[in-house]
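Student: The structure file protein-v9.csv (CSV, C-alpha atoms and all ligand atoms) is provided below.
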chain,number,residue,atom,x,y,z
Z,1328,MET,CA,38.5,16.4,-70.1
Z,1329,THR,CA,36.1,15.1,-72.7
Z,1330,GLU,CA,38.5,13.0,-74.6
Z,1331,ARG,CA,37.8,9.3,-74.5
Z,1332,THR,CA,39.6,6.2,-75.5
Z,1333,THR,CA,38.1,3.3,-77.4
Z,1334,THR,CA,38.5,-0.1,-75.8
Z,1335,THR,CA,38.6,-3.4,-77.5
Z,1336,THR,CA,35.5,-4.7,-75.8
Z,1337,GLU,CA,33.5,-1.6,-76.7
Z,1338,LEU,CA,34.3,-2.0,-80.3
Z,1339,ALA,CA,33.6,-5.7,-80.4
Z,1340,ALA,CA,30.3,-5.1,-78.7
Z,1341,GLY,CA,29.2,-2.6,-81.3
Z,1342,PRO,CA,26.4,-3.4,-83.8
Z,1343,SER,CA,27.6,-4.2,-87.3
Z,1344,ALA,CA,24.6,-2.8,-89.1
Z,1345,ALA,CA,25.7,-0.2,-91.6
Z,1346,ALA,CA,23.6,2.9,-92.0
Z,1347,THR,CA,22.9,4.0,-95.5
Z,1348,SER,CA,22.8,7.7,-96.0
Z,1349,ALA,CA,21.9,10.1,-98.7
Z,1350,GLY,CA,23.6,13.4,-99.1
Z,1351,PRO,CA,27.2,14.3,-98.3
Z,1352,LEU,CA,29.3,11.8,-96.5
Z,1353,ILE,CA,30.7,14.3,-94.1
Z,1354,GLU,CA,28.5,17.2,-92.9
Z,1355,VAL,CA,29.6,19.8,-90.4
Z,1356,ARG,CA,27.1,22.5,-89.4
Z,1357,ASP,CA,28.0,25.5,-87.2
Z,1358,VAL,CA,30.3,23.5,-85.0
Z,1359,ARG,CA,32.0,24.9,-82.0
Z,1360,LYS,CA,34.4,23.4,-79.6
Z,1361,THR,CA,35.4,25.4,-76.6
Z,1362,PHE,CA,38.0,24.1,-74.1
Z,1363,SER,CA,38.0,25.5,-70.6
Z,1364,VAL,CA,41.5,25.8,-69.4
Z,1365,ARG,CA,42.9,26.6,-66.0
Z,1366,ARG,CA,45.9,28.8,-65.9
Z,1367,ARG,CA,48.2,29.8,-63.1
Z,1368,ALA,CA,47.9,33.4,-62.3
Z,1369,GLY,CA,50.5,34.2,-59.7
Z,1370,ARG,CA,51.7,31.8,-57.0
Z,1371,PHE,CA,48.4,30.5,-55.7
Z,1372,ARG,CA,45.7,31.8,-57.9
Z,1373,ARG,CA,44.4,30.0,-60.9
Z,1374,THR,CA,42.0,31.5,-63.5
Z,1375,ARG,CA,39.7,29.8,-65.9
Z,1376,SER,CA,39.8,30.9,-69.5
Z,1377,GLU,CA,38.2,29.6,-72.6
Z,1378,VAL,CA,39.9,28.5,-75.8
Z,1379,HIS,CA,37.7,28.5,-78.9
Z,1380,ALA,CA,39.4,25.8,-80.8
Z,1381,VAL,CA,36.6,25.5,-83.4
Z,1382,ALA,CA,34.5,28.6,-83.7
Z,1383,GLY,CA,31.6,28.1,-86.1
Z,1384,LEU,CA,32.7,25.6,-88.6
Z,1385,SER,CA,30.6,24.5,-91.6
Z,1386,PHE,CA,31.5,22.3,-94.5
Z,1387,GLU,CA,30.5,19.2,-96.5
Z,1388,VAL,CA,32.5,16.5,-98.2
Z,1389,ALA,CA,31.0,14.2,-100.8
Z,1390,ALA,CA,31.8,10.5,-101.0
Z,1391,GLY,CA,34.9,10.0,-103.1
Z,1392,GLU,CA,36.5,13.4,-102.5
Z,1393,MET,CA,40.0,14.0,-101.4
Z,1394,VAL,CA,40.2,17.2,-99.5
Z,1395,GLY,CA,43.2,19.0,-98.1
Z,1396,TYR,CA,42.5,20.5,-94.6
Z,1397,ILE,CA,45.2,23.0,-93.9
Z,1398,GLY,CA,45.9,25.9,-91.6
Z,1399,PRO,CA,48.5,27.2,-89.1
Z,1400,ASN,CA,49.3,25.6,-85.8
Z,1401,GLY,CA,46.4,25.8,-83.4
Z,1402,ALA,CA,43.9,26.5,-86.2
Z,1403,GLY,CA,41.6,23.7,-84.9
Z,1404,LYS,CA,42.4,21.0,-87.5
Z,1405,SER,CA,43.1,18.1,-85.0
Z,1406,THR,CA,40.1,19.2,-82.9
Z,1407,THR,CA,37.9,18.9,-86.0
Z,1408,ILE,CA,39.2,15.4,-86.8
Z,1409,LYS,CA,38.7,14.3,-83.2
Z,1410,MET,CA,35.1,15.5,-83.4
Z,1411,LEU,CA,34.6,13.7,-86.7
Z,1412,THR,CA,35.7,10.5,-85.1
Z,1413,GLY,CA,33.6,11.0,-82.0
Z,1414,ILE,CA,36.6,11.3,-79.6
Z,1415,LEU,CA,35.6,14.8,-78.8
Z,1416,VAL,CA,32.0,16.0,-78.2
Z,1417,PRO,CA,31.2,19.4,-79.9
Z,1418,THR,CA,30.2,22.2,-77.7
Z,1419,ALA,CA,27.6,23.3,-80.3
Z,1420,GLY,CA,26.5,22.5,-83.8
Z,1421,THR,CA,26.0,19.2,-85.6
Z,1422,LEU,CA,28.3,16.7,-87.3
Z,1423,ARG,CA,27.3,13.7,-89.4
Z,1424,VAL,CA,29.6,11.1,-91.0
Z,1425,ALA,CA,27.9,8.5,-93.1
Z,1426,GLY,CA,24.6,9.6,-91.5
Z,1427,ILE,CA,26.0,8.9,-88.0
Z,1428,GLU,CA,26.5,11.5,-85.3
Z,1429,PRO,CA,30.1,10.7,-84.2
Z,1430,SER,CA,30.0,11.4,-80.5
Z,1431,ARG,CA,26.7,9.6,-80.0
Z,1432,GLU,CA,27.5,6.5,-82.0
Z,1433,ARG,CA,31.3,6.4,-81.9
Z,1434,ILE,CA,31.5,2.6,-81.9
Z,1435,ARG,CA,29.2,2.1,-84.9
Z,1436,LEU,CA,31.0,4.9,-86.7
Z,1437,ALA,CA,34.4,3.3,-86.0
Z,1438,ARG,CA,33.6,0.5,-88.5
Z,1439,ARG,CA,33.1,3.0,-91.3
Z,1440,ILE,CA,36.1,5.3,-90.8
Z,1441,GLY,CA,39.8,5.0,-90.5
Z,1442,VAL,CA,42.1,7.5,-88.7
Z,1443,VAL,CA,45.8,8.1,-88.8
Z,1444,PHE,CA,47.4,10.5,-86.4
Z,1445,GLY,CA,51.0,11.2,-87.7
Z,1446,GLN,CA,52.2,12.2,-84.2
Z,1447,ARG,CA,50.9,9.2,-82.4
Z,1448,THR,CA,50.8,5.5,-83.4
Z,1449,THR,CA,47.6,3.4,-83.0
Z,1450,LEU,CA,49.7,0.3,-83.2
Z,1451,TRP,CA,50.8,-1.8,-80.2
Z,1452,TRP,CA,54.3,-0.6,-79.4
Z,1453,ASP,CA,55.8,-4.0,-78.3
Z,1454,LEU,CA,54.1,-6.2,-80.8
Z,1455,PRO,CA,55.3,-7.1,-84.2
Z,1456,LEU,CA,53.2,-5.4,-86.9
Z,1457,ARG,CA,51.6,-8.7,-87.9
Z,1458,ASP,CA,50.2,-9.1,-84.4
Z,1459,SER,CA,48.8,-5.5,-84.3
Z,1460,PHE,CA,47.1,-6.3,-87.6
Z,1461,GLY,CA,45.7,-9.5,-86.1
Z,1462,LEU,CA,44.3,-7.7,-83.1
Z,1463,LEU,CA,42.6,-5.2,-85.4
Z,1464,ARG,CA,41.0,-8.0,-87.4
Z,1465,ARG,CA,39.4,-9.3,-84.2
Z,1466,ILE,CA,38.4,-5.8,-82.9
Z,1467,TYR,CA,36.7,-4.9,-86.1
Z,1468,ARG,CA,35.6,-8.5,-86.7
Z,1469,ILE,CA,36.9,-8.5,-90.3
Z,1470,PRO,CA,35.8,-11.6,-92.1
Z,1471,ASP,CA,38.8,-14.0,-92.7
Z,1472,ALA,CA,38.9,-13.9,-96.5
Z,1473,ARG,CA,38.5,-10.1,-96.6
Z,1474,TYR,CA,41.2,-9.7,-94.0
Z,1475,ARG,CA,43.7,-11.8,-95.9
Z,1476,GLU,CA,42.9,-10.1,-99.1
Z,1477,ASN,CA,43.3,-6.6,-97.6
Z,1478,LEU,CA,46.4,-7.6,-95.7
Z,1479,ASP,CA,48.1,-8.9,-98.9
Z,1480,HIS,CA,47.0,-5.8,-100.8
Z,1481,TYR,CA,48.2,-3.2,-98.3
Z,1482,VAL,CA,51.4,-5.1,-97.3
Z,1483,GLY,CA,52.3,-5.2,-100.9
Z,1484,LEU,CA,51.5,-1.6,-101.8
Z,1485,LEU,CA,53.1,-0.2,-98.6
Z,1486,GLU,CA,56.1,-2.6,-98.8
Z,1487,LEU,CA,55.5,-3.9,-95.3
Z,1488,GLY,CA,56.4,-7.6,-96.1
Z,1489,PRO,CA,59.9,-7.6,-94.5
Z,1490,LEU,CA,58.6,-5.6,-91.5
Z,1491,LEU,CA,55.7,-7.8,-90.4
Z,1492,ASP,CA,57.7,-9.6,-87.7
Z,1493,VAL,CA,59.5,-6.5,-86.4
Z,1494,PRO,CA,58.1,-4.9,-83.2
Z,1495,VAL,CA,56.6,-1.5,-83.8
Z,1496,ARG,CA,59.1,0.3,-81.5
Z,1497,GLN,CA,61.9,-0.9,-83.8
Z,1498,LEU,CA,60.4,0.6,-86.9
Z,1499,SER,CA,61.6,3.9,-88.4
Z,1500,LEU,CA,59.1,6.7,-88.5
Z,1501,GLY,CA,58.4,6.1,-92.2
Z,1502,GLN,CA,58.0,2.4,-91.7
Z,1503,ARG,CA,55.7,2.9,-88.7
Z,1504,MET,CA,53.6,5.4,-90.6
Z,1505,ARG,CA,53.1,2.9,-93.4
Z,1506,GLY,CA,52.1,0.4,-90.8
Z,1507,ASP,CA,49.6,2.9,-89.3
Z,1508,ILE,CA,48.1,3.6,-92.6
Z,1509,ALA,CA,47.6,-0.1,-93.4
Z,1510,ALA,CA,46.1,-0.6,-89.9
Z,1511,ALA,CA,43.6,2.2,-90.5
Z,1512,LEU,CA,42.4,0.5,-93.7
Z,1513,LEU,CA,42.1,-3.2,-93.0
Z,1514,HIS,CA,38.4,-2.9,-92.1
Z,1515,ASP,CA,37.6,-1.2,-95.5
Z,1516,PRO,CA,36.6,2.2,-94.1
Z,1517,GLU,CA,34.7,4.5,-96.5
Z,1518,VAL,CA,36.5,7.5,-95.2
Z,1519,VAL,CA,39.9,8.1,-93.8
Z,1520,TYR,CA,41.1,11.1,-91.8
Z,1521,LEU,CA,44.9,11.6,-91.9
Z,1522,ASP,CA,46.3,14.1,-89.5
Z,1523,GLU,CA,49.8,15.0,-90.6
Z,1524,PRO,CA,50.6,11.6,-92.1
Z,1525,THR,CA,53.9,12.9,-93.7
Z,1526,ILE,CA,55.2,14.8,-90.7
Z,1527,GLY,CA,58.9,14.0,-90.1
Z,1528,LEU,CA,59.2,11.7,-93.1
Z,1529,ASP,CA,62.0,11.7,-95.6
Z,1530,ILE,CA,61.4,12.6,-99.2
Z,1531,VAL,CA,61.2,9.0,-100.4
Z,1532,SER,CA,58.8,7.9,-97.7
Z,1533,LYS,CA,56.6,11.0,-98.3
Z,1534,ALA,CA,56.5,10.2,-102.0
Z,1535,LYS,CA,55.4,6.6,-101.2
Z,1536,VAL,CA,52.7,7.7,-98.9
Z,1537,ARG,CA,51.4,10.2,-101.4
Z,1538,GLU,CA,51.3,7.7,-104.2
Z,1539,PHE,CA,49.5,5.3,-102.0
Z,1540,LEU,CA,46.9,7.8,-101.0
Z,1541,ARG,CA,46.3,8.9,-104.5
Z,1542,ASP,CA,45.7,5.2,-105.6
Z,1543,LEU,CA,43.5,4.5,-102.6
Z,1544,ASN,CA,41.2,7.4,-103.5
Z,1545,ARG,CA,41.2,6.6,-107.2
Z,1546,GLU,CA,40.9,2.9,-107.1
Z,1547,ARG,CA,38.8,2.2,-104.0
Z,1548,GLY,CA,36.9,5.5,-104.1
Z,1549,THR,CA,37.9,6.0,-100.4
Z,1550,THR,CA,37.0,9.5,-99.2
Z,1551,VAL,CA,40.1,11.2,-97.8
Z,1552,LEU,CA,40.4,14.2,-95.4
Z,1553,LEU,CA,44.1,15.1,-95.2
Z,1554,THR,CA,45.7,17.5,-92.8
Z,1555,THR,CA,49.2,18.5,-93.5
Z,1556,HIS,CA,51.9,21.1,-93.0
Z,1557,ASP,CA,53.5,20.1,-96.3
Z,1558,LEU,CA,51.7,21.9,-99.1
Z,1559,THR,CA,53.4,19.7,-101.6
Z,1560,ASP,CA,51.1,16.9,-100.3
Z,1561,ILE,CA,48.1,19.1,-101.1
Z,1562,GLU,CA,49.4,20.2,-104.5
Z,1563,GLN,CA,50.0,16.6,-105.5
Z,1564,LEU,CA,46.9,15.0,-104.1
Z,1565,CYS,CA,43.9,17.4,-103.5
Z,1566,SER,CA,41.8,19.2,-106.0
Z,1567,ARG,CA,39.9,20.8,-103.2
Z,1568,VAL,CA,41.5,22.5,-100.3
Z,1569,MET,CA,40.0,24.0,-97.1
Z,1570,VAL,CA,42.0,26.6,-95.3
Z,1571,ILE,CA,41.1,27.1,-91.7
Z,1572,ASP,CA,42.2,29.6,-89.1
Z,1573,HIS,CA,40.9,30.4,-85.6
Z,1574,GLY,CA,38.5,27.5,-86.0
Z,1575,ARG,CA,36.7,28.8,-89.1
Z,1576,VAL,CA,36.9,28.1,-92.8
Z,1577,MET,CA,38.7,30.9,-94.5
Z,1578,TYR,CA,38.8,29.4,-98.0
Z,1579,ASP,CA,37.1,26.4,-99.5
Z,1580,GLY,CA,37.8,25.7,-103.2
Z,1581,SER,CA,40.4,24.6,-105.7
Z,1582,LEU,CA,44.1,25.0,-105.3
Z,1583,THR,CA,44.2,27.1,-108.5
Z,1584,GLY,CA,41.5,29.3,-107.2
Z,1585,LEU,CA,43.7,29.9,-104.1
Z,1586,HIS,CA,46.5,31.0,-106.4
Z,1587,GLY,CA,44.3,33.5,-108.2
Z,1588,LEU,CA,42.5,35.1,-105.2
Z,1589,ASP,CA,41.8,38.7,-105.9
Z,1590,GLY,CA,41.0,39.5,-102.3
Z,1591,LEU,CA,44.6,39.1,-101.4
Z,1592,GLY,CA,45.9,42.0,-103.5
Z,1593,GLY,CA,46.3,39.5,-106.4
Z,1594,SER,CA,49.1,37.0,-106.3
Z,1595,GLU,CA,51.7,37.2,-109.0
Z,1596,ARG,CA,53.4,34.9,-111.4
Z,1597,THR,CA,56.9,35.3,-112.6
Z,1598,LEU,CA,58.1,35.2,-116.2
Z,1599,VAL,CA,61.8,34.1,-116.3
Z,1600,VAL,CA,63.4,35.5,-119.5
Z,1601,ASP,CA,66.8,34.4,-120.7
Z,1602,LEU,CA,68.1,37.0,-123.2
Z,1603,ALA,CA,70.7,36.1,-125.9
Z,1604,GLU,CA,73.0,38.5,-124.0
Z,1605,PRO,CA,72.9,40.7,-120.8
Z,1606,GLY,CA,71.0,43.9,-121.3
Z,1607,PRO,CA,69.2,46.7,-119.5
Z,1608,PRO,CA,65.9,45.7,-117.7
Z,1609,ILE,CA,63.1,44.8,-120.1
Z,1610,GLU,CA,60.4,47.4,-120.4
Z,1611,VAL,CA,57.0,46.0,-121.2
Z,1612,ALA,CA,53.4,46.9,-120.2
Z,1613,GLY,CA,51.7,44.7,-117.7
Z,1614,ALA,CA,54.9,43.3,-116.0
Z,1615,SER,CA,57.8,44.7,-114.1
Z,1616,VAL,CA,61.4,43.4,-113.7
Z,1617,VAL,CA,62.0,42.3,-110.1
Z,1618,ARG,CA,65.5,40.8,-110.6
Z,1619,VAL,CA,68.3,40.7,-113.1
Z,1620,ASP,CA,71.2,38.2,-113.1
Z,1621,GLY,CA,73.3,38.5,-116.2
Z,1622,PRO,CA,71.2,37.6,-119.3
Z,1623,ARG,CA,68.4,36.3,-117.0
Z,1624,GLN,CA,65.6,38.6,-115.9
Z,1625,TRP,CA,62.6,37.9,-113.7
Z,1626,LEU,CA,59.3,39.8,-114.5
Z,1627,ALA,CA,56.4,39.8,-112.1
Z,1628,PHE,CA,52.9,39.9,-113.6
Z,1629,PRO,CA,49.4,39.4,-112.2
Z,1630,ALA,CA,48.5,35.7,-111.8
Z,1631,ALA,CA,45.1,36.2,-113.3
Z,1632,THR,CA,46.3,37.6,-116.6
Z,1633,SER,CA,47.5,35.5,-119.6
Z,1634,ALA,CA,51.2,35.3,-120.2
Z,1635,ALA,CA,50.8,35.0,-124.0
Z,1636,PRO,CA,50.6,38.7,-125.0
Z,1637,LEU,CA,53.4,39.5,-122.6
Z,1638,VAL,CA,55.6,36.9,-124.1
Z,1639,ALA,CA,54.7,38.1,-127.6
Z,1640,SER,CA,55.6,41.7,-127.0
Z,1641,ILE,CA,58.9,40.8,-125.3
Z,1642,ALA,CA,59.8,38.4,-128.1
Z,1643,ALA,CA,59.1,41.1,-130.7
Z,1644,ARG,CA,61.6,43.6,-129.1
Z,1645,TYR,CA,64.2,41.5,-127.4
Z,1646,PRO,CA,66.5,38.7,-128.5
Z,1647,LEU,CA,65.3,35.7,-126.5
Z,1648,ALA,CA,67.3,32.5,-125.7
Z,1649,ASP,CA,64.7,30.9,-123.4
Z,1650,LEU,CA,61.7,31.6,-121.3
Z,1651,SER,CA,59.6,30.0,-118.6
Z,1652,ILE,CA,56.8,30.8,-116.1
Z,1653,GLN,CA,57.0,30.3,-112.4
Z,1654,GLU,CA,53.7,29.9,-110.5
Z,1655,PRO,CA,53.4,31.6,-107.2
Z,1656,ALA,CA,54.6,29.4,-104.4
Z,1657,ILE,CA,51.5,28.2,-102.6
Z,1658,GLU,CA,53.3,29.0,-99.3
Z,1659,SER,CA,53.4,32.7,-100.2
Z,1660,VAL,CA,49.7,32.7,-101.2
Z,1661,ILE,CA,48.7,31.1,-97.9
Z,1662,ALA,CA,51.0,33.4,-95.9
Z,1663,ARG,CA,49.3,36.4,-97.5
Z,1664,MET,CA,45.9,34.9,-96.8
Z,1665,TYR,CA,46.7,34.6,-93.1
Z,1666,ALA,CA,48.0,38.1,-93.1
Z,1667,ALA,CA,44.8,39.3,-94.8
Z,1668,GLY,CA,42.8,37.9,-91.8
Z,1669,GLY,CA,39.1,37.9,-92.7
Z,1670,ASP,CA,37.1,35.5,-94.8
Z,1671,VAL,CA,37.9,35.1,-98.5
Z,1672,SER,CA,35.4,33.3,-100.6
Z,1673,GLY,CA,36.4,30.3,-102.5
Z,1674,ALA,CA,36.5,29.5,-106.2
Z,1701,LIG,N1,42.4,19.3,-74.9
Z,1701,LIG,C1,42.6,20.6,-75.0
Z,1701,LIG,N2,42.5,21.4,-74.0
Z,1701,LIG,C2,42.6,22.8,-74.1
Z,1701,LIG,N3,43.0,23.4,-75.3
Z,1701,LIG,C3,43.1,22.6,-76.4
Z,1701,LIG,C4,42.9,21.2,-76.3
Z,1701,LIG,N4,43.1,20.6,-77.6
Z,1701,LIG,C5,43.4,21.7,-78.4
Z,1701,LIG,N5,43.4,22.8,-77.7
Z,1701,LIG,C6,43.6,24.2,-78.2
Z,1701,LIG,O1,42.7,24.4,-79.3
Z,1701,LIG,C7,43.3,25.1,-80.4
Z,1701,LIG,C8,43.3,24.2,-81.6
Z,1701,LIG,O2,44.1,23.1,-81.4
Z,1701,LIG,P1,44.3,22.0,-82.6
Z,1701,LIG,O3,42.9,21.5,-83.0
Z,1701,LIG,O4,45.2,20.9,-82.0
Z,1701,LIG,O5,45.0,22.8,-83.7
Z,1701,LIG,P2,45.8,22.3,-85.0
Z,1701,LIG,O6,45.6,20.8,-85.1
Z,1701,LIG,O7,45.2,23.0,-86.1
Z,1701,LIG,O8,47.2,22.7,-84.8
Z,1701,LIG,C9,44.7,25.4,-79.9
Z,1701,LIG,O9,44.7,26.7,-79.3
Z,1701,LIG,C10,45.0,24.3,-78.8
Z,1701,LIG,O10,45.9,24.8,-77.9
Z,1702,MG,MG,47.0,19.3,-85.2
Written as structure tokens, that's how I'd like the structure from this file.
Ligand SMILES: Nc1ncnc2c1ncn2[C@@H]1O[C@H](COP(=O)(O)OP(=O)(O)O)[C@@H](O)[C@H]1O
Ligand SMILES: [Mg+2]

Tutor:
Amino acid sequence: MTERTTTTTELAAGPSAAATSAGPLIEVRDVRKTFSVRRRAGRFRRTRSEVHAVAGLSFEVAAGEMVGYIGPNGAGKSTTIKMLTGILVPTAGTLRVAGIEPSRERIRLARRIGVVFGQRTTLWWDLPLRDSFGLLRRIYRIPDARYRENLDHYVGLLELGPLLDVPVRQLSLGQRMRGDIAAALLHDPEVVYLDEPTIGLDIVSKAKVREFLRDLNRERGTTVLLTTHDLTDIEQLCSRVMVIDHGRVMYDGSLTGLHGLDGLGGSERTLVVDLAEPGPPIEVAGASVVRVDGPRQWLAFPAATSAAPLVASIAARYPLADLSIQEPAIESVIARMYAAGGDVSGA
């Protein structure tokens, strides 16, 4: 087991000198992480096998970026984040965050980064939020004025005021998550990793968390690496998305580029046409009717082509009442990508 836990004394003893670095804020080069697991094989026998959680991963993130890090269960997302915080030591390859090698200088790095694990709180279960924050102030040796300013700022934005004196175990999941996010930011980290911060949250809490993260990135310039199952998070927050599977990057580029990938047999958009009255399926070059419901018809056409000529030729020959275009659901694009398997280059 190579996982470690950070203790209060370790953190307090760490040097406070901040390294300055040129180049990307996060640098991951040919990183591998292999777990050796023992499995039962029959009643008494056990066999060793290897799990390649991360299998040759390379990417860079520049300061100020907000990057979505997505992939199916078991893809290696959390393992990546644990290596980027220094909790896990890579089997091979190199990682640098703000010029620091995380597993070698985990304590020094801790002052520069913030981490939120959606499935596990970093707060003290039995303490009121206020006391958890106070402990973090001492652990990170946050100067008094700075602490008060940040506390006010985040308590206000995350609407934590009425919750400060409530023990963490009595908070709802959404309240606790907002507390965790504030806790990760009190020491002014340059980069935050959020591993499934919206998991299990209701729609209102999700929206609050998203709005908060967007402002944090825009206003403070904080670099954000966001892992999520909820692709709406990505659509609303990240201009760059990395899709990983089996511990490798399968796609690194824009969300729109992901929609328009040719290597996936071309994803399609849908033109929704409301005719003045029900009629036979529309016949037009470059699109095909996939569904008819009374006067409404759905026509699929390649995502990469413009809808304008299509709309013009339909309008010239059919009496239109209304018309709209549906973008492909990002879920279906990604499902196709996983099905396609191999690497697909990014936009
Ligand atoms: N401590 C561990 N010991 C053994 N296998 C692990 C350990 N942590 C993760 N794995 C395995 O590594 C793979 C990647 O896991 P993880 O990084 O948690 O994926 P994700 O966060 O993308 O769902 C999975 O197959 C998981 O079972
Ligand atoms: Mg995970």

Student: Taking all atoms listed in the file into account, report as a tab-separated table (two decimals) with C-alpha atoms, in the frame of the given file which residues have an atom no farther than 10 Å from an atom of ligand MG 1702 (chain Z).

Tutor:
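Written out: part-v5.tsv:
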chain	number	residue	atom	x	y	z
Z	1397	ILE	CA	45.20	23.00	-93.90
Z	1398	GLY	CA	45.90	25.90	-91.60
Z	1399	PRO	CA	48.50	27.20	-89.10
Z	1400	ASN	CA	49.30	25.60	-85.80
Z	1401	GLY	CA	46.40	25.80	-83.40
Z	1402	ALA	CA	43.90	26.50	-86.20
Z	1403	GLY	CA	41.60	23.70	-84.90
Z	1404	LYS	CA	42.40	21.00	-87.50
Z	1405	SER	CA	43.10	18.10	-85.00
Z	1406	THR	CA	40.10	19.20	-82.90
Z	1407	THR	CA	37.90	18.90	-86.00
Z	1408	ILE	CA	39.20	15.40	-86.80
Z	1409	LYS	CA	38.70	14.30	-83.20
Z	1444	PHE	CA	47.40	10.50	-86.40
Z	1445	GLY	CA	51.00	11.20	-87.70
Z	1446	GLN	CA	52.20	12.20	-84.20
Z	1522	ASP	CA	46.30	14.10	-89.50
Z	1523	GLU	CA	49.80	15.00	-90.60
Z	1554	THR	CA	45.70	17.50	-92.80
Z	1555	THR	CA	49.20	18.50	-93.50
Z	1556	HIS	CA	51.90	21.10	-93.00

Student: Can you pull out the residues contacting Val1617 (chain Z)? Cut-off 8 Å, using all atoms listed in the file, and skip same-chain residues under 6 positions away; I want them as a list in words.

Tutor: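 Everything that qualifies: Gln1624, Trp1625, Leu1626 and Ala1627 of chain Z.
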
Student: Smallest atom-to-atom distance to ligand LIG 1701 (chain Z): which of Z:Gly1548, Z:Ala1390, Z:Val1570, Z:Gly1488, using all atoms listed in the file?

Tutor: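 Checking each of Z:Gly1548, Z:Ala1390, Z:Val1570, Z:Gly1488 against ligand LIG 1701 (chain Z), counting all atoms listed in the file, the winner is Z:Val1570.
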
Student: I'd like the contact shell of Val1394 (chain Z) - 12 Å cut-off, all atoms listed in the file, skipping same-chain residues fewer than 4 positions apart - returned as a PyMOL selection string.

Tutor: chain Z and resi 1353+1386-1390+1518-1521+1540-1541+1544+1549-1555+1560-1570+1579-1582

Student: What is the distance between CA of Thr1597 (chain Z) and CA of Glu1538 (chain Z), in Å to one decimal?

Tutor: 29.4 Å
